[in-house]
$ cat entry08.cif   # mmCIF, C-alpha atoms
data_entry
#
loop_
_atom_site.group_PDB
_atom_site.id
_atom_site.type_symbol
_atom_site.label_atom_id
_atom_site.label_comp_id
_atom_site.auth_asym_id
_atom_site.auth_seq_id
_atom_site.Cartn_x
_atom_site.Cartn_y
_atom_site.Cartn_z
ATOM 1 C CA MET P 1 26.909 -3.323 -3.516
ATOM 2 C CA ALA P 2 23.513 -4.737 -4.426
ATOM 3 C CA ASP P 3 21.808 -5.406 -7.781
ATOM 4 C CA ILE P 4 18.835 -3.199 -6.888
ATOM 5 C CA TRP P 5 19.181 0.229 -5.275
ATOM 6 C CA ILE P 6 16.239 1.827 -3.474
ATOM 7 C CA ILE P 7 16.549 5.603 -3.179
ATOM 8 C CA SER P 8 14.479 6.432 -0.095
ATOM 9 C CA ASP P 9 13.169 9.731 1.273
ATOM 10 C CA GLY P 10 12.606 8.021 4.621
ATOM 11 C CA LYS P 11 8.820 8.293 4.513
ATOM 12 C CA PRO P 12 7.375 4.900 5.575
ATOM 13 C CA GLY P 13 4.642 4.856 2.922
ATOM 14 C CA HIS P 14 7.089 5.584 0.094
ATOM 15 C CA GLN P 15 9.777 3.223 1.357
ATOM 16 C CA ASN P 16 7.319 0.371 1.880
ATOM 17 C CA GLN P 17 6.160 0.664 -1.733
ATOM 18 C CA SER P 18 9.739 0.441 -2.984
ATOM 19 C CA LEU P 19 10.507 -2.437 -0.641
ATOM 20 C CA GLY P 20 7.359 -4.233 -1.763
ATOM 21 C CA LEU P 21 8.576 -4.137 -5.363
ATOM 22 C CA ALA P 22 12.180 -5.049 -4.486
ATOM 23 C CA GLU P 23 11.107 -7.977 -2.300
ATOM 24 C CA ALA P 24 8.816 -9.231 -5.059
ATOM 25 C CA LEU P 25 11.707 -9.101 -7.552
ATOM 26 C CA VAL P 26 13.842 -11.146 -5.157
ATOM 27 C CA GLU P 27 10.979 -13.596 -4.622
ATOM 28 C CA LEU P 28 10.817 -14.197 -8.369
ATOM 29 C CA LYS P 29 14.595 -14.147 -8.832
ATOM 30 C CA PRO P 30 16.277 -15.123 -5.518
ATOM 31 C CA GLU P 31 19.811 -14.403 -6.710
ATOM 32 C CA LEU P 32 19.034 -10.669 -6.795
ATOM 33 C CA THR P 33 19.962 -8.448 -3.849
ATOM 34 C CA PHE P 34 18.806 -4.960 -2.860
ATOM 35 C CA MET P 35 19.857 -2.134 -0.603
ATOM 36 C CA ILE P 36 18.392 1.165 0.619
ATOM 37 C CA ILE P 37 20.211 4.432 -0.028
ATOM 38 C CA PRO P 38 18.817 7.419 1.934
ATOM 39 C CA VAL P 39 18.201 10.332 -0.423
ATOM 40 C CA GLU P 40 20.554 12.564 1.587
ATOM 41 C CA GLU P 41 23.376 10.079 0.863
ATOM 42 C CA ALA P 42 22.542 9.578 -2.821
ATOM 43 C CA LYS P 43 25.385 11.869 -3.971
ATOM 44 C CA TYR P 44 27.930 9.439 -2.534
ATOM 45 C CA ALA P 45 26.468 6.627 -4.634
ATOM 46 C CA PHE P 46 28.011 8.240 -7.725
ATOM 47 C CA PHE P 47 31.381 6.874 -6.557
ATOM 48 C CA SER P 48 30.335 3.263 -6.035
ATOM 49 C CA LYS P 49 32.797 0.605 -7.177
ATOM 50 C CA SER P 50 29.941 -1.579 -8.430
ATOM 51 C CA SER P 51 26.938 -0.817 -10.595
ATOM 52 C CA PRO P 52 23.235 -1.452 -9.917
ATOM 53 C CA LYS P 53 21.064 -3.261 -12.414
ATOM 54 C CA LEU P 54 17.890 -1.452 -11.343
ATOM 55 C CA ILE P 55 17.137 1.691 -9.336
ATOM 56 C CA ILE P 56 13.754 2.074 -7.600
ATOM 57 C CA SER P 57 12.250 5.032 -5.786
ATOM 58 C CA ALA P 58 9.027 6.693 -4.609
ATOM 59 C CA GLY P 59 8.532 10.291 -3.542
ATOM 60 C CA ARG P 60 9.338 13.593 -5.255
ATOM 61 C CA ALA P 61 12.632 14.093 -3.408
ATOM 62 C CA THR P 62 13.997 10.872 -4.935
ATOM 63 C CA HIS P 63 13.110 11.379 -8.581
ATOM 64 C CA LEU P 64 16.116 13.432 -9.687
ATOM 65 C CA TRP P 65 18.612 11.152 -7.936
ATOM 66 C CA ASN P 66 16.939 8.084 -9.407
ATOM 67 C CA TRP P 67 17.318 9.500 -12.920
ATOM 68 C CA LEU P 68 20.884 10.803 -12.473
ATOM 69 C CA LEU P 69 22.155 7.561 -10.955
ATOM 70 C CA SER P 70 20.531 5.541 -13.736
ATOM 71 C CA LEU P 71 22.445 7.679 -16.247
ATOM 72 C CA ARG P 72 25.674 7.337 -14.246
ATOM 73 C CA TYR P 73 25.556 3.535 -14.266
ATOM 74 C CA SER P 74 23.493 2.863 -17.410
ATOM 75 C CA ALA P 75 21.024 1.097 -15.138
ATOM 76 C CA LYS P 76 17.310 0.574 -15.644
ATOM 77 C CA ASN P 77 15.084 2.534 -13.299
ATOM 78 C CA ALA P 78 11.540 2.422 -11.974
ATOM 79 C CA VAL P 79 9.487 4.994 -10.094
ATOM 80 C CA LEU P 80 6.345 4.390 -8.076
ATOM 81 C CA MET P 81 3.459 6.872 -8.385
ATOM 82 C CA ARG P 82 3.311 9.808 -10.754
ATOM 83 C CA PRO P 83 6.818 11.314 -11.174
ATOM 84 C CA SER P 84 7.742 15.000 -10.982
ATOM 85 C CA LEU P 85 10.137 14.549 -13.925
ATOM 86 C CA PRO P 86 9.143 13.657 -17.509
ATOM 87 C CA TYR P 87 8.189 10.010 -17.952
ATOM 88 C CA ALA P 88 11.086 9.663 -20.398
ATOM 89 C CA CYS P 89 13.469 9.834 -17.425
ATOM 90 C CA PHE P 90 12.255 6.411 -16.234
ATOM 91 C CA ASP P 91 12.138 3.000 -17.850
ATOM 92 C CA CYS P 92 9.081 1.933 -15.845
ATOM 93 C CA VAL P 93 6.489 4.115 -14.107
ATOM 94 C CA LEU P 94 4.045 2.363 -11.760
ATOM 95 C CA ILE P 95 0.909 4.466 -11.216
ATOM 96 C CA PRO P 96 -2.321 3.469 -9.410
ATOM 97 C CA GLU P 97 -5.124 3.086 -11.909
ATOM 98 C CA HIS P 98 -7.362 5.466 -9.920
ATOM 99 C CA ASP P 99 -4.921 8.239 -10.936
ATOM 100 C CA LYS P 100 -5.900 7.500 -14.542
ATOM 101 C CA PRO P 101 -2.416 7.211 -16.057
ATOM 102 C CA MET P 102 -2.042 7.838 -19.771
ATOM 103 C CA ALA P 103 -1.342 4.966 -22.121
ATOM 104 C CA SER P 104 2.392 4.430 -22.607
ATOM 105 C CA ASP P 105 4.812 1.547 -22.925
ATOM 106 C CA ARG P 106 6.628 2.965 -19.910
ATOM 107 C CA ILE P 107 3.577 3.050 -17.645
ATOM 108 C CA VAL P 108 2.109 0.146 -15.681
ATOM 109 C CA ALA P 109 -1.281 0.855 -14.072
ATOM 110 C CA THR P 110 -1.518 -0.757 -10.636
ATOM 111 C CA LYS P 111 -4.538 -1.642 -8.528
ATOM 112 C CA GLY P 112 -3.768 0.639 -5.610
ATOM 113 C CA ALA P 113 -0.319 1.296 -4.212
ATOM 114 C CA ILE P 114 2.149 -1.576 -4.109
ATOM 115 C CA ASN P 115 2.782 -2.892 -0.600
ATOM 116 C CA ARG P 116 4.780 -5.522 1.296
ATOM 117 C CA MET P 117 1.884 -7.645 2.590
ATOM 118 C CA LYS P 118 2.000 -11.412 2.194
ATOM 119 C CA PRO P 119 -0.695 -13.980 2.986
ATOM 120 C CA ALA P 120 -0.144 -16.749 5.525
ATOM 121 C CA GLU P 121 -2.295 -19.503 7.010
ATOM 122 C CA LYS P 122 -5.493 -17.901 8.256
ATOM 123 C CA GLU P 123 -6.914 -18.288 11.747
ATOM 124 C CA ILE P 124 -10.445 -19.643 11.367
ATOM 125 C CA ASP P 125 -13.197 -17.071 12.053
ATOM 126 C CA SER P 126 -10.642 -14.361 12.860
ATOM 127 C CA GLN P 127 -11.629 -10.794 12.040
ATOM 128 C CA ILE P 128 -10.545 -7.236 12.728
ATOM 129 C CA VAL P 129 -11.825 -3.722 12.026
ATOM 130 C CA LEU P 130 -9.377 -1.097 10.760
ATOM 131 C CA LEU P 131 -10.457 2.508 11.251
ATOM 132 C CA GLY P 132 -8.987 5.628 9.701
ATOM 133 C CA GLY P 133 -10.527 9.033 10.243
ATOM 134 C CA PRO P 134 -11.422 12.346 8.642
ATOM 135 C CA SER P 135 -9.636 13.016 5.359
ATOM 136 C CA LYS P 136 -10.011 15.126 2.224
ATOM 137 C CA HIS P 137 -11.346 12.071 0.393
ATOM 138 C CA VAL P 138 -14.468 11.303 2.461
ATOM 139 C CA LYS P 139 -17.182 12.942 4.533
ATOM 140 C CA TRP P 140 -16.412 11.325 7.881
ATOM 141 C CA ASP P 141 -19.443 10.255 9.933
ATOM 142 C CA SER P 142 -18.550 8.907 13.402
ATOM 143 C CA ASP P 143 -22.181 7.959 14.153
ATOM 144 C CA ALA P 144 -22.418 5.813 11.026
ATOM 145 C CA VAL P 145 -19.052 4.184 11.747
ATOM 146 C CA LEU P 146 -20.097 3.429 15.332
ATOM 147 C CA GLN P 147 -23.372 1.844 14.211
ATOM 148 C CA GLU P 148 -21.548 -0.429 11.759
ATOM 149 C CA ILE P 149 -19.223 -1.589 14.548
ATOM 150 C CA ILE P 150 -22.143 -2.200 16.924
ATOM 151 C CA ASN P 151 -23.925 -4.262 14.261
ATOM 152 C CA LEU P 152 -20.774 -6.252 13.551
ATOM 153 C CA SER P 153 -20.009 -6.973 17.204
ATOM 154 C CA ALA P 154 -23.603 -8.043 17.833
ATOM 155 C CA GLY P 155 -23.241 -10.774 15.245
ATOM 156 C CA SER P 156 -19.982 -12.132 16.646
ATOM 157 C CA SER P 157 -19.515 -14.635 19.450
ATOM 158 C CA LEU P 158 -15.946 -13.396 19.992
ATOM 159 C CA PRO P 159 -14.742 -9.962 21.140
ATOM 160 C CA LEU P 160 -14.363 -7.681 18.130
ATOM 161 C CA ARG P 161 -10.890 -6.248 17.616
ATOM 162 C CA VAL P 162 -10.979 -2.635 16.413
ATOM 163 C CA ALA P 163 -7.639 -1.090 15.414
ATOM 164 C CA VAL P 164 -7.783 2.690 15.248
ATOM 165 C CA SER P 165 -5.415 5.201 13.679
ATOM 166 C CA ARG P 166 -4.055 8.573 14.726
ATOM 167 C CA ARG P 167 -6.767 10.131 12.553
ATOM 168 C CA THR P 168 -9.634 8.477 14.432
ATOM 169 C CA PRO P 169 -11.604 11.178 16.318
ATOM 170 C CA ALA P 170 -11.135 11.186 20.101
ATOM 171 C CA SER P 171 -14.902 11.297 20.664
ATOM 172 C CA LEU P 172 -15.339 8.051 18.724
ATOM 173 C CA LEU P 173 -12.509 6.424 20.701
ATOM 174 C CA ASP P 174 -14.199 7.369 23.967
ATOM 175 C CA THR P 175 -17.438 5.726 22.825
ATOM 176 C CA LEU P 176 -15.714 2.581 21.549
ATOM 177 C CA LYS P 177 -14.030 2.136 24.943
ATOM 178 C CA LEU P 178 -17.484 1.757 26.510
ATOM 179 C CA LEU P 179 -18.595 -1.075 24.213
ATOM 180 C CA GLU P 180 -18.519 -4.344 26.085
ATOM 181 C CA HIS P 181 -17.585 -6.672 23.223
ATOM 182 C CA VAL P 182 -14.985 -4.421 21.559
ATOM 183 C CA VAL P 183 -11.220 -4.683 22.093
ATOM 184 C CA LEU P 184 -9.624 -1.376 21.142
ATOM 185 C CA ILE P 185 -6.131 -1.434 19.606
ATOM 186 C CA LYS P 186 -4.261 1.872 19.429
ATOM 187 C CA PRO P 187 -1.258 2.482 17.127
ATOM 188 C CA ASP P 188 1.075 3.403 20.003
ATOM 189 C CA ALA P 189 0.330 0.108 21.749
ATOM 190 C CA VAL P 190 1.617 -2.216 19.012
ATOM 191 C CA ALA P 191 4.952 -2.865 17.299
ATOM 192 C CA ASN P 192 5.764 -1.567 13.815
ATOM 193 C CA ASP P 193 5.304 -5.018 12.295
ATOM 194 C CA TRP P 194 1.992 -5.658 14.037
ATOM 195 C CA LEU P 195 -0.226 -4.828 11.046
ATOM 196 C CA PRO P 196 1.486 -7.044 8.418
ATOM 197 C CA GLN P 197 1.724 -9.920 10.891
ATOM 198 C CA THR P 198 -1.906 -9.519 11.913
ATOM 199 C CA LEU P 199 -3.306 -9.189 8.395
ATOM 200 C CA SER P 200 -1.334 -12.175 7.142
ATOM 201 C CA THR P 201 -3.215 -14.522 9.520
ATOM 202 C CA THR P 202 -6.583 -12.748 9.756
ATOM 203 C CA ASP P 203 -9.453 -14.227 7.756
ATOM 204 C CA ARG P 204 -11.814 -11.250 7.535
ATOM 205 C CA VAL P 205 -11.076 -7.525 7.657
ATOM 206 C CA VAL P 206 -13.503 -4.610 7.790
ATOM 207 C CA VAL P 207 -11.959 -1.288 6.748
ATOM 208 C CA SER P 208 -13.333 2.254 6.825
ATOM 209 C CA SER P 209 -13.322 3.316 3.184
ATOM 210 C CA ASP P 210 -11.147 6.406 3.771
ATOM 211 C CA SER P 211 -8.220 4.061 4.448
ATOM 212 C CA VAL P 212 -7.585 3.067 0.849
ATOM 213 C CA SER P 213 -4.045 1.806 1.524
ATOM 214 C CA MET P 214 -5.384 -0.559 4.202
ATOM 215 C CA VAL P 215 -8.036 -1.844 1.809
ATOM 216 C CA TYR P 216 -5.361 -2.862 -0.701
ATOM 217 C CA GLU P 217 -3.022 -4.149 2.028
ATOM 218 C CA SER P 218 -5.817 -6.367 3.368
ATOM 219 C CA LEU P 219 -6.554 -7.718 -0.116
ATOM 220 C CA THR P 220 -2.846 -8.377 -0.688
ATOM 221 C CA ALA P 221 -2.650 -10.237 2.628
ATOM 222 C CA GLY P 222 -5.332 -12.607 1.339
ATOM 223 C CA CYS P 223 -8.123 -11.349 3.611
ATOM 224 C CA THR P 224 -11.822 -11.238 2.832
ATOM 225 C CA VAL P 225 -12.508 -7.487 2.873
ATOM 226 C CA SER P 226 -15.651 -5.511 3.662
ATOM 227 C CA LEU P 227 -16.056 -1.761 3.992
ATOM 228 C CA ILE P 228 -17.492 0.711 6.419
ATOM 229 C CA ARG P 229 -18.594 2.888 3.525
ATOM 230 C CA LEU P 230 -18.294 6.647 3.886
ATOM 231 C CA LYS P 231 -19.549 9.213 1.412
ATOM 232 C CA SER P 232 -16.864 10.349 -0.980
ATOM 233 C CA THR P 233 -15.922 13.963 -1.447
ATOM 234 C CA ARG P 234 -16.359 15.341 -4.944
ATOM 235 C CA LYS P 235 -13.992 13.873 -7.526
ATOM 236 C CA SER P 236 -11.863 11.901 -5.047
ATOM 237 C CA ARG P 237 -9.716 9.645 -7.233
ATOM 238 C CA THR P 238 -8.871 7.261 -4.409
ATOM 239 C CA GLN P 239 -12.557 6.727 -3.660
ATOM 240 C CA GLN P 240 -13.193 6.146 -7.352
ATOM 241 C CA GLY P 241 -10.707 3.290 -7.004
ATOM 242 C CA VAL P 242 -12.753 1.932 -4.091
ATOM 243 C CA ASP P 243 -15.878 2.210 -6.260
ATOM 244 C CA VAL P 244 -14.189 -0.002 -8.859
ATOM 245 C CA LEU P 245 -13.492 -2.659 -6.205
ATOM 246 C CA LEU P 246 -17.133 -2.506 -5.133
ATOM 247 C CA ALA P 247 -18.402 -2.730 -8.716
ATOM 248 C CA LYS P 248 -16.293 -5.830 -9.292
ATOM 249 C CA GLY P 249 -17.536 -7.399 -6.060
ATOM 250 C CA LEU P 250 -14.004 -7.683 -4.657
ATOM 251 C CA VAL P 251 -15.024 -6.035 -1.364
ATOM 252 C CA GLY P 252 -18.253 -5.986 0.625
ATOM 253 C CA ALA P 253 -20.282 -2.756 0.583
ATOM 254 C CA SER P 254 -20.928 -2.728 4.350
ATOM 255 C CA ALA P 255 -19.404 -4.204 7.487
ATOM 256 C CA ASN P 256 -21.806 -7.158 7.503
ATOM 257 C CA GLN P 257 -21.747 -7.769 3.751
ATOM 258 C CA LEU P 258 -19.252 -10.205 2.301
ATOM 259 C CA PRO P 259 -17.796 -9.548 -1.169
ATOM 260 C CA ALA P 260 -19.628 -11.184 -4.060
ATOM 261 C CA ASN P 261 -16.365 -12.133 -5.799
ATOM 262 C CA PRO P 262 -13.639 -12.470 -3.150
ATOM 263 C CA VAL P 263 -10.149 -12.773 -4.587
ATOM 264 C CA SER P 264 -7.868 -15.652 -3.683
ATOM 265 C CA GLU P 265 -4.742 -13.799 -4.770
ATOM 266 C CA PHE P 266 -4.154 -10.077 -5.053
ATOM 267 C CA ARG P 267 -0.416 -9.456 -5.287
ATOM 268 C CA GLU P 268 0.289 -6.391 -7.395
ATOM 269 C CA ALA P 269 3.942 -6.299 -6.332
ATOM 270 C CA ILE P 270 4.521 -9.755 -7.836
ATOM 271 C CA ARG P 271 2.614 -8.862 -11.013
ATOM 272 C CA CYS P 272 4.643 -5.675 -11.487
ATOM 273 C CA ALA P 273 7.924 -7.409 -10.647
ATOM 274 C CA ASP P 274 7.130 -10.018 -13.288
ATOM 275 C CA ILE P 275 6.515 -7.262 -15.863
ATOM 276 C CA ILE P 276 9.852 -5.624 -15.003
ATOM 277 C CA LEU P 277 11.779 -8.896 -15.278
ATOM 278 C CA GLU P 278 10.117 -9.619 -18.617
ATOM 279 C CA ARG P 279 11.064 -6.194 -19.981
ATOM 280 C CA PHE P 280 14.509 -5.888 -18.400
ATOM 281 C CA PRO P 281 16.299 -9.157 -17.611
ATOM 282 C CA LEU P 282 18.213 -8.407 -14.419
#
$ encode --input "entry08.cif" --output "structure tokens"
Amino acid sequence: MADIWIISDGKPGHQNQSLGLAEALVELKPELTFMIIPVEEAKYAFFSKSSPKLIISAGRATHLWNWLLSLRYSAKNAVLMRPSLPYACFDCVLIPEHDKPMASDRIVATKGAINRMKPAEKEIDSQIVLLGGPSKHVKWDSDAVLQEIINLSAGSSLPLRVAVSRRTPASLLDTLKLLEHVVLIKPDAVANDWLPQTLSTTDRVVVSSDSVSMVYESLTAGCTVSLIRLKSTRKSRTQQGVDVLLAKGLVGASANQLPANPVSEFREAIRCADIILERFPL
């Protein structure tokens, strides 16, 4: 069995956060190993012949198993995002700072959700647009998004790659298909690892501001990030996090505006892994 157990509910977003932390721990301490235990098989882990040093999980369905298994093996445990159990059930709780976590020795405030992105050598002058779609966090405006893309493509000598999501409105897709200098990339047309591979080598990324996870993934991948800014709905915490990035100049406020203070390194997974290893020698 491995040193680090990831209890997974199978949801890609949750599992990728846990894997991002586990991979960062291994990067800092290569002798460590990790494994994934599906939440529906967690009960069998009580009979393991070897003990974990650390248990990680994300998602409400994993919280109880994370806590019980940590008691069973006297292992340290960490949970990503706000837990459904009392904080005292976990040795380390990693919560995005836009969720305004309370002050506690157990809590580490993170800049966005932890992810698995890693920077690589950038292709000169490469850029891509990442589009989300309507959500409870923003007032989606397809006309404004389209105009930003038209302005961006007009200033580029190369075809502009625009990757859309399943949330992108069909009417906007139909219009984008008609633009001469736009190459449309649909989620069903690419492999699962397309986004991390693409971001790792892309120099500049423009993201619609509803897609907060893609903003942080692009920053983590070492990209220069600008926004297609959409109006926030009232009291959206995720958009408040985007506002903080804008205020610090870490992202550009429009598609054609570069950030005032671009970051050379934005690796929250490594920072959090370092905190865990400092607190709990594994």
$ residues_around --input "entry08.cif" --residues "His63 in chain P" --least-positions-apart "4" --cutoff "12 Å" --atoms "all atoms listed in the file" --output "mmCIF file with C-alpha atoms, in the coordinates of the input"
data_model
loop_
_atom_site.group_PDB
_atom_site.id
_atom_site.type_symbol
_atom_site.label_atom_id
_atom_site.label_comp_id
_atom_site.auth_asym_id
_atom_site.auth_seq_id
_atom_site.Cartn_x
_atom_site.Cartn_y
_atom_site.Cartn_z
ATOM 1 C CA ILE P 6 16.239 1.827 -3.474
ATOM 2 C CA ILE P 7 16.549 5.603 -3.179
ATOM 3 C CA SER P 8 14.479 6.432 -0.095
ATOM 4 C CA ASP P 9 13.169 9.731 1.273
ATOM 5 C CA VAL P 39 18.201 10.332 -0.423
ATOM 6 C CA ALA P 42 22.542 9.578 -2.821
ATOM 7 C CA ILE P 55 17.137 1.691 -9.336
ATOM 8 C CA ILE P 56 13.754 2.074 -7.600
ATOM 9 C CA SER P 57 12.250 5.032 -5.786
ATOM 10 C CA ALA P 58 9.027 6.693 -4.609
ATOM 11 C CA GLY P 59 8.532 10.291 -3.542
ATOM 12 C CA TRP P 67 17.318 9.500 -12.920
ATOM 13 C CA LEU P 68 20.884 10.803 -12.473
ATOM 14 C CA LEU P 69 22.155 7.561 -10.955
ATOM 15 C CA SER P 70 20.531 5.541 -13.736
ATOM 16 C CA ASN P 77 15.084 2.534 -13.299
ATOM 17 C CA ALA P 78 11.540 2.422 -11.974
ATOM 18 C CA VAL P 79 9.487 4.994 -10.094
ATOM 19 C CA LEU P 80 6.345 4.390 -8.076
ATOM 20 C CA MET P 81 3.459 6.872 -8.385
ATOM 21 C CA ARG P 82 3.311 9.808 -10.754
ATOM 22 C CA PRO P 83 6.818 11.314 -11.174
ATOM 23 C CA SER P 84 7.742 15.000 -10.982
ATOM 24 C CA LEU P 85 10.137 14.549 -13.925
ATOM 25 C CA PRO P 86 9.143 13.657 -17.509
ATOM 26 C CA TYR P 87 8.189 10.010 -17.952
ATOM 27 C CA CYS P 89 13.469 9.834 -17.425
ATOM 28 C CA PHE P 90 12.255 6.411 -16.234
ATOM 29 C CA VAL P 93 6.489 4.115 -14.107
#
$ resolve_selection --input "entry08.cif" --expression "the PyMOL selection byres ((chain P and resi 256-265) around 8)" --output "mmCIF file with C-alpha atoms, in the frame of the given file"
data_model
loop_
_atom_site.group_PDB
_atom_site.id
_atom_site.type_symbol
_atom_site.label_atom_id
_atom_site.label_comp_id
_atom_site.auth_asym_id
_atom_site.auth_seq_id
_atom_site.Cartn_x
_atom_site.Cartn_y
_atom_site.Cartn_z
ATOM 1 C CA GLU P 148 -21.548 -0.429 11.759
ATOM 2 C CA ASN P 151 -23.925 -4.262 14.261
ATOM 3 C CA LEU P 152 -20.774 -6.252 13.551
ATOM 4 C CA LEU P 219 -6.554 -7.718 -0.116
ATOM 5 C CA THR P 220 -2.846 -8.377 -0.688
ATOM 6 C CA GLY P 222 -5.332 -12.607 1.339
ATOM 7 C CA THR P 224 -11.822 -11.238 2.832
ATOM 8 C CA VAL P 225 -12.508 -7.487 2.873
ATOM 9 C CA SER P 226 -15.651 -5.511 3.662
ATOM 10 C CA LYS P 248 -16.293 -5.830 -9.292
ATOM 11 C CA GLY P 249 -17.536 -7.399 -6.060
ATOM 12 C CA LEU P 250 -14.004 -7.683 -4.657
ATOM 13 C CA VAL P 251 -15.024 -6.035 -1.364
ATOM 14 C CA GLY P 252 -18.253 -5.986 0.625
ATOM 15 C CA ALA P 253 -20.282 -2.756 0.583
ATOM 16 C CA SER P 254 -20.928 -2.728 4.350
ATOM 17 C CA ALA P 255 -19.404 -4.204 7.487
ATOM 18 C CA PHE P 266 -4.154 -10.077 -5.053
ATOM 19 C CA ARG P 267 -0.416 -9.456 -5.287
#
$ atom_distance --input "entry08.cif" --atom1 "CA of Ile36 in chain P" --atom2 "CA of Ser200 in chain P"
24.7 Å
$ closest_residue --input "entry08.cif" --among "P:Ala170, P:Arg237, P:Leu277, P:Asp125" --to "Pro101 in chain P" --atoms "only C-alpha atoms"
P:Arg237
$ residues_around --input "entry08.cif" --residues "range 179-194 of chain P" --least-positions-apart "6" --cutoff "7 Å" --atoms "only C-alpha atoms" --output "VMD selection string"
chain P and resid 153 159 to 165
$ decode --input "entry08.cif" --residues "range 191-205 of chain P" --atoms "N, CA, C and O atoms" --output "CSV table (one decimal), in the first residue's frame"
chain,number,residue,atom,x,y,z
P,191,ALA,N,-8.7,15.2,-26.4
P,191,ALA,CA,-8.5,14.2,-25.4
P,191,ALA,C,-8.6,14.8,-24.0
P,191,ALA,O,-8.5,16.0,-23.8
P,192,ASN,N,-8.7,13.9,-23.0
P,192,ASN,CA,-8.8,14.4,-21.6
P,192,ASN,C,-7.6,15.2,-21.1
P,192,ASN,O,-7.8,16.1,-20.3
P,193,ASP,N,-6.5,14.9,-21.6
P,193,ASP,CA,-5.3,15.6,-21.2
P,193,ASP,C,-4.9,16.8,-22.1
P,193,ASP,O,-3.8,17.4,-22.0
P,194,TRP,N,-5.8,17.1,-23.0
P,194,TRP,CA,-5.6,18.2,-23.9
P,194,TRP,C,-5.3,19.5,-23.2
P,194,TRP,O,-4.4,20.3,-23.5
P,195,LEU,N,-6.2,19.9,-22.2
P,195,LEU,CA,-6.1,21.2,-21.6
P,195,LEU,C,-4.8,21.3,-20.8
P,195,LEU,O,-4.0,22.3,-21.0
P,196,PRO,N,-4.4,20.4,-19.9
P,196,PRO,CA,-3.1,20.6,-19.2
P,196,PRO,C,-1.9,20.6,-20.2
P,196,PRO,O,-1.0,21.4,-19.9
P,197,GLN,N,-1.9,19.8,-21.2
P,197,GLN,CA,-0.8,19.8,-22.2
P,197,GLN,C,-0.8,21.2,-22.9
P,197,GLN,O,0.3,21.7,-23.2
P,198,THR,N,-1.9,21.7,-23.3
P,198,THR,CA,-2.0,22.9,-24.0
P,198,THR,C,-1.6,24.1,-23.2
P,198,THR,O,-0.8,24.9,-23.6
P,199,LEU,N,-2.1,24.2,-22.0
P,199,LEU,CA,-1.8,25.3,-21.1
P,199,LEU,C,-0.3,25.3,-20.7
P,199,LEU,O,0.3,26.4,-20.6
P,200,SER,N,0.3,24.2,-20.6
P,200,SER,CA,1.7,24.1,-20.1
P,200,SER,C,2.6,24.8,-21.2
P,200,SER,O,3.6,25.3,-20.8
P,201,THR,N,2.2,24.8,-22.4
P,201,THR,CA,3.1,25.3,-23.5
P,201,THR,C,2.6,26.6,-24.1
P,201,THR,O,3.2,27.2,-25.0
P,202,THR,N,1.4,27.1,-23.6
P,202,THR,CA,0.8,28.3,-24.2
P,202,THR,C,1.3,29.5,-23.4
P,202,THR,O,1.3,29.5,-22.2
P,203,ASP,N,1.7,30.6,-24.2
P,203,ASP,CA,2.2,31.8,-23.6
P,203,ASP,C,1.1,32.6,-22.9
P,203,ASP,O,1.2,33.1,-21.8
P,204,ARG,N,0.1,32.9,-23.7
P,204,ARG,CA,-1.0,33.8,-23.3
P,204,ARG,C,-2.3,33.2,-23.3
P,204,ARG,O,-2.7,32.5,-24.3
P,205,VAL,N,-3.1,33.3,-22.3
P,205,VAL,CA,-4.5,32.7,-22.2
P,205,VAL,C,-5.5,33.8,-21.9
P,205,VAL,O,-5.2,34.6,-21.0
